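Trainee: Questions regarding the structure given below will be posed in turn.
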Amino acid sequence: MSKYRGIWFCDKCFASIPNGEAYHENGKKDKCSKCKKKWNFVRNILAIVVFGLGLGGGIGTYENLDRRVEDNTTAIVATVDYVAGLEVRIERTFYEIGTWGRSVENRLEDMRAKYKKETEILQETISHLRKETNEILAAQKKLQKDLGNGKLAEEQVALAIAMLTQRARDTEEQLSVLLRNPKELIEKVVKPTVGIAVRDRNGDRLRGSGVLFRKEKLVDKKTGLIRYRYYGFTAYHVWESVFKYYERIKKPDRDPIVLPDGRVIVPSKVDRTLNPELLVYYYGGNSTRRTLLITGGEFLYPNKPLHRSWKAIQDITVFTFESTRGDLAIAQLASDAEIKDYVGYGSRIYTTGIAVGSAPSLYFGTVASPKVTNDMGIYFNSFGYFGQSGGPVYDAKTLKVISINQRILVHQGFSPLSNTLFGTLLSDIRRVWSLTAPREHKKLLNP
């Protein structure tokens, strides 16, 4: 405070102080009454603002917290529902697979009672079905044990259930083909498979396998007699050495070779007395021996050596013969569209051929790779042995020919027994065939 002409004034607001009073508190000068009022007003305003901000922030924080609690509650409820649903699905899957597994043996026994002869022929396929079913049930038990021990994470459980279910579906798919009508499988897949043999002065010998795929009715206009012309194919390499033999006997034998030291080397002469002849063995679904020996057959194309380097896509040759019998089974060839729709990774196949026991055998397998690079064709997982070359490969759904058995995977020093087969898709073979075959044969491989 300051005094001027006898009047006291406030140093801050310059307001006059009545009676010259001065306010002291704890030895310090106090504010004048006007300063006090002004400060109290400002302080009240600030308090209101702070309270308002605090109240607004509190409400916002409460609302955010409430939303988080609500969201967490929803998530927890959804998780509980998902886990409960997963447990229901797992239990239902286990129940369905268990029930299905127990039914397989019963259905196979029913089939055996109804189709005793066909069941004997299909014994290899039935054994494979039993083995796969037992492995599925064993995998289910292990999965149940792992779930009980808490060893599997949620993602692992879902994947294991999906794989188990898919294996059961694939096995049921094959079983349904068998149970649908075993006679259909024998008629469409096994019976058309034939043996390709050669006859010469040394005897008769099987060289590979083949399949009959076309039949034409022939009527003699003069006599009215009916005959049938059949067409089949085998792998070119099955008969390649015979084609080369016929080329060699057309040429003269090589002259003796005189060495500088006077010695003479006489090259071996070609045996022109062999006279190879094509034989076709027809088994008619018999699993022990052929029921018909077909002679007088001939190759249409190729019918001579392919002098240029050839690839797997050309490893096929078509033969034909005539017979008075019109009841020989023929296979159906899949169209290009059917091959495109049904053949892919993991698709199921049947393969047949004359290998073990010198009679047609039926094996079940899968497509490992539908298109292998370097013109290797298609790659199958199925039984393979020498003698199956030229045999047909069928799609398991349509029971139509999709490929030809051309090679098996053999390592030096190992048995030729293999689960790896190579072939070429019929759609690819047709493409090359239509360009290289004579005009009258270009449509032979069309379905």
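How things are named: the first chain in the structure tokens is A, the next is B, and so on; residues count from 1 in each chain; ligands count from 1 in the order shown.
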Contacts of segment 93-103 of chain A at 12 Å or less, counting only C-alpha atoms, minus same-chain residues fewer than 4 places along, as a CSV table (one decimal) with N, CA and C atoms, in the first residue's frame?

Mentor:
chain,number,residue,atom,x,y,z
A,86,LEU,N,-16.8,-76.2,-31.0
A,86,LEU,CA,-15.6,-77.1,-31.5
A,86,LEU,C,-15.7,-78.4,-30.8
A,87,GLU,N,-16.0,-78.4,-29.5
A,87,GLU,CA,-16.1,-79.7,-28.7
A,87,GLU,C,-17.2,-80.5,-29.3
A,88,VAL,N,-18.3,-79.9,-29.6
A,88,VAL,CA,-19.4,-80.6,-30.2
A,88,VAL,C,-19.0,-81.2,-31.6
A,89,ARG,N,-18.3,-80.4,-32.4
A,89,ARG,CA,-17.9,-80.9,-33.7
A,89,ARG,C,-16.9,-82.1,-33.6
A,107,ARG,N,-19.9,-104.2,-44.2
A,107,ARG,CA,-20.3,-104.0,-45.6
A,107,ARG,C,-19.4,-104.9,-46.5
A,108,LEU,N,-18.1,-105.0,-46.2
A,108,LEU,CA,-17.3,-105.9,-47.0
A,108,LEU,C,-17.7,-107.3,-46.9
A,109,GLU,N,-18.1,-107.8,-45.7
A,109,GLU,CA,-18.5,-109.1,-45.5
A,109,GLU,C,-19.8,-109.4,-46.3
A,110,ASP,N,-20.7,-108.4,-46.3
A,110,ASP,CA,-21.9,-108.5,-47.0
A,110,ASP,C,-21.6,-108.6,-48.5
A,129,LEU,N,-8.3,-101.3,-48.6
A,129,LEU,CA,-9.3,-100.6,-47.9
A,129,LEU,C,-9.3,-100.9,-46.4
A,130,ARG,N,-9.1,-102.2,-46.0
A,130,ARG,CA,-9.1,-102.6,-44.6
A,130,ARG,C,-7.9,-101.9,-43.9
A,131,LYS,N,-6.8,-101.9,-44.6
A,131,LYS,CA,-5.6,-101.3,-44.0
A,131,LYS,C,-5.8,-99.8,-43.8
A,132,GLU,N,-6.3,-99.1,-44.8
A,132,GLU,CA,-6.6,-97.6,-44.6
A,132,GLU,C,-7.6,-97.3,-43.5
A,133,THR,N,-8.6,-98.1,-43.4
A,133,THR,CA,-9.6,-97.9,-42.4
A,133,THR,C,-9.0,-98.1,-41.0
A,134,ASN,N,-8.2,-99.1,-40.8
A,134,ASN,CA,-7.6,-99.4,-39.5
A,134,ASN,C,-6.6,-98.2,-39.2
A,135,GLU,N,-5.9,-97.7,-40.2
A,135,GLU,CA,-5.0,-96.6,-39.9
A,135,GLU,C,-5.8,-95.3,-39.5
A,136,ILE,N,-7.0,-95.1,-40.1
A,136,ILE,CA,-7.8,-94.0,-39.8
A,136,ILE,C,-8.3,-94.1,-38.3
A,137,LEU,N,-8.8,-95.3,-37.9
A,137,LEU,CA,-9.2,-95.5,-36.6
A,137,LEU,C,-8.1,-95.3,-35.6
A,138,ALA,N,-6.9,-95.8,-35.9
A,138,ALA,CA,-5.8,-95.6,-35.0
A,138,ALA,C,-5.4,-94.2,-34.9
A,139,ALA,N,-5.5,-93.4,-36.0
A,139,ALA,CA,-5.1,-92.0,-35.9
A,139,ALA,C,-6.2,-91.2,-35.0
A,140,GLN,N,-7.4,-91.7,-35.1
A,140,GLN,CA,-8.5,-91.1,-34.3
A,140,GLN,C,-8.2,-91.3,-32.8
A,141,LYS,N,-7.8,-92.5,-32.4
A,141,LYS,CA,-7.5,-92.8,-31.0
A,141,LYS,C,-6.3,-92.0,-30.5
A,142,LYS,N,-5.3,-91.8,-31.4
A,142,LYS,CA,-4.2,-91.0,-31.0
A,142,LYS,C,-4.6,-89.5,-30.8
A,143,LEU,N,-5.4,-89.1,-31.7
A,143,LEU,CA,-5.9,-87.7,-31.6
A,143,LEU,C,-6.7,-87.5,-30.3
A,144,GLN,N,-7.6,-88.4,-29.9
A,144,GLN,CA,-8.3,-88.3,-28.7
A,144,GLN,C,-7.4,-88.3,-27.5
A,157,VAL,N,-5.7,-78.9,-33.6
A,157,VAL,CA,-6.9,-79.7,-33.5
A,157,VAL,C,-7.8,-79.6,-34.8
A,158,ALA,N,-8.0,-78.4,-35.2
A,158,ALA,CA,-8.8,-78.2,-36.4
A,158,ALA,C,-8.2,-78.8,-37.6
A,160,ALA,N,-6.1,-81.4,-37.6
A,160,ALA,CA,-6.1,-82.9,-37.5
A,160,ALA,C,-7.5,-83.4,-37.8
A,161,ILE,N,-8.5,-82.7,-37.3
A,161,ILE,CA,-9.9,-83.2,-37.6
A,161,ILE,C,-10.2,-83.1,-39.1
A,162,ALA,N,-9.8,-82.1,-39.7
A,162,ALA,CA,-10.0,-81.9,-41.2
A,162,ALA,C,-9.3,-83.0,-41.9
A,163,MET,N,-8.1,-83.4,-41.6
A,163,MET,CA,-7.3,-84.4,-42.3
A,163,MET,C,-8.0,-85.8,-42.0
A,164,LEU,N,-8.4,-86.0,-40.8
A,164,LEU,CA,-9.0,-87.3,-40.5
A,164,LEU,C,-10.3,-87.5,-41.2
A,165,THR,N,-11.1,-86.4,-41.3
A,165,THR,CA,-12.4,-86.5,-42.0
A,165,THR,C,-12.2,-86.7,-43.5
A,166,GLN,N,-11.2,-86.0,-44.1
A,166,GLN,CA,-10.9,-86.2,-45.5
A,166,GLN,C,-10.5,-87.6,-45.8
A,167,ARG,N,-9.6,-88.2,-45.0
A,167,ARG,CA,-9.2,-89.6,-45.3
A,167,ARG,C,-10.4,-90.5,-45.2
A,168,ALA,N,-11.3,-90.3,-44.3
A,168,ALA,CA,-12.4,-91.2,-44.2
A,168,ALA,C,-13.3,-91.0,-45.4
A,169,ARG,N,-13.5,-89.8,-45.9
A,169,ARG,CA,-14.3,-89.5,-47.1
A,169,ARG,C,-13.7,-90.2,-48.3
A,171,THR,N,-11.7,-92.8,-48.4
A,171,THR,CA,-11.8,-94.2,-48.3
A,171,THR,C,-13.3,-94.7,-48.6
A,172,GLU,N,-14.2,-93.9,-48.1
A,172,GLU,CA,-15.6,-94.2,-48.3
A,172,GLU,C,-16.0,-94.1,-49.8
A,175,LEU,N,-14.8,-97.2,-51.4
A,175,LEU,CA,-15.6,-98.3,-50.9
A,175,LEU,C,-17.0,-98.3,-51.6

Trainee: So that I can check the secondary structure, give me every residue of segment 309-439 of chain A assigned alpha helix (DSSP H) by backbone DSSP, as a PyMOL selection string.

Mentor: chain A and resi 336-342+426-436

Trainee: Taking the DSSP secondary structure from the backbone, can you list the residues of segment 115-307 of chain A that are strand (DSSP E), as a ChimeraX atom specification?

Mentor: /A:193-200,203-219,226-234,257-258,264-265,277-282,292-294,298-301

Trainee: Any idea what's packed within 6 Å of segment 436-447 of chain A, counting only C-alpha atoms, ignoring anything in its chain fewer than 2 positions away? Could you give it as a ChimeraX atom specification?

Mentor: /A:333,335,433-434

Trainee: Any chance you could export the current selection's C-alpha atoms as a PDB file, in the first residue's frame?

Mentor:
ATOM      1  CA  LEU A 333     -11.810 -93.611 -72.785  1.00  0.00           C
ATOM      2  CA  SER A 335     -12.749 -87.223 -72.815  1.00  0.00           C
ATOM      3  CA  TRP A 433      -1.608 -88.562 -82.158  1.00  0.00           C
ATOM      4  CA  SER A 434      -3.864 -86.283 -84.219  1.00  0.00           C
TER       5      SER A 434
END

Trainee: Within 10 Å of Gly353 of chain A, counting only C-alpha atoms, which residues qualify if same-chain residues fewer than 2 places away don't, as an mmCIF file with C-alpha atoms, in the first residue's frame?

Mentor:
data_model
loop_
_atom_site.group_PDB
_atom_site.id
_atom_site.type_symbol
_atom_site.label_atom_id
_atom_site.label_comp_id
_atom_site.auth_asym_id
_atom_site.auth_seq_id
_atom_site.Cartn_x
_atom_site.Cartn_y
_atom_site.Cartn_z
ATOM 1 C CA VAL A 190 -10.394 -105.514 -64.991
ATOM 2 C CA THR A 193 -7.109 -105.436 -69.559
ATOM 3 C CA VAL A 194 -5.208 -107.860 -71.786
ATOM 4 C CA GLY A 195 -1.760 -109.359 -72.000
ATOM 5 C CA GLY A 208 3.500 -106.304 -71.335
ATOM 6 C CA SER A 209 -0.076 -105.190 -70.859
ATOM 7 C CA GLY A 210 -2.746 -103.489 -72.911
ATOM 8 C CA VAL A 211 -6.431 -102.599 -72.955
ATOM 9 C CA THR A 351 -4.360 -99.190 -62.429
ATOM 10 C CA ALA A 355 2.479 -108.542 -63.723
ATOM 11 C CA VAL A 356 2.272 -110.712 -60.628
ATOM 12 C CA SER A 358 0.659 -113.457 -65.147
ATOM 13 C CA ALA A 359 -2.967 -112.347 -64.812
ATOM 14 C CA PRO A 360 -4.686 -108.959 -64.494
ATOM 15 C CA SER A 361 -4.342 -107.323 -61.108
ATOM 16 C CA LEU A 362 -6.197 -104.270 -59.831
ATOM 17 C CA TYR A 363 -4.451 -101.641 -57.710
ATOM 18 C CA GLY A 384 4.179 -101.062 -60.134
ATOM 19 C CA TYR A 385 6.096 -104.033 -61.495
ATOM 20 C CA PHE A 386 7.653 -105.109 -64.790
ATOM 21 C CA GLY A 387 4.883 -106.359 -67.081
ATOM 22 C CA GLN A 388 2.394 -103.614 -66.244
ATOM 23 C CA SER A 389 3.783 -101.416 -69.029
ATOM 24 C CA GLY A 390 1.024 -100.524 -71.464
ATOM 25 C CA GLY A 391 -1.742 -101.215 -68.965
ATOM 26 C CA PRO A 392 -4.541 -98.674 -68.528
ATOM 27 C CA VAL A 393 -4.916 -96.176 -65.693
ATOM 28 C CA ASN A 405 1.284 -97.095 -67.537
#

Trainee: For the atom pair atom CA of Tyr230 of chain A and atom CA of Gly377 of chain A, what is the interatomic distance in Å to one decimal place?

Mentor: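 Distance between the two atoms: 27.1 Å.
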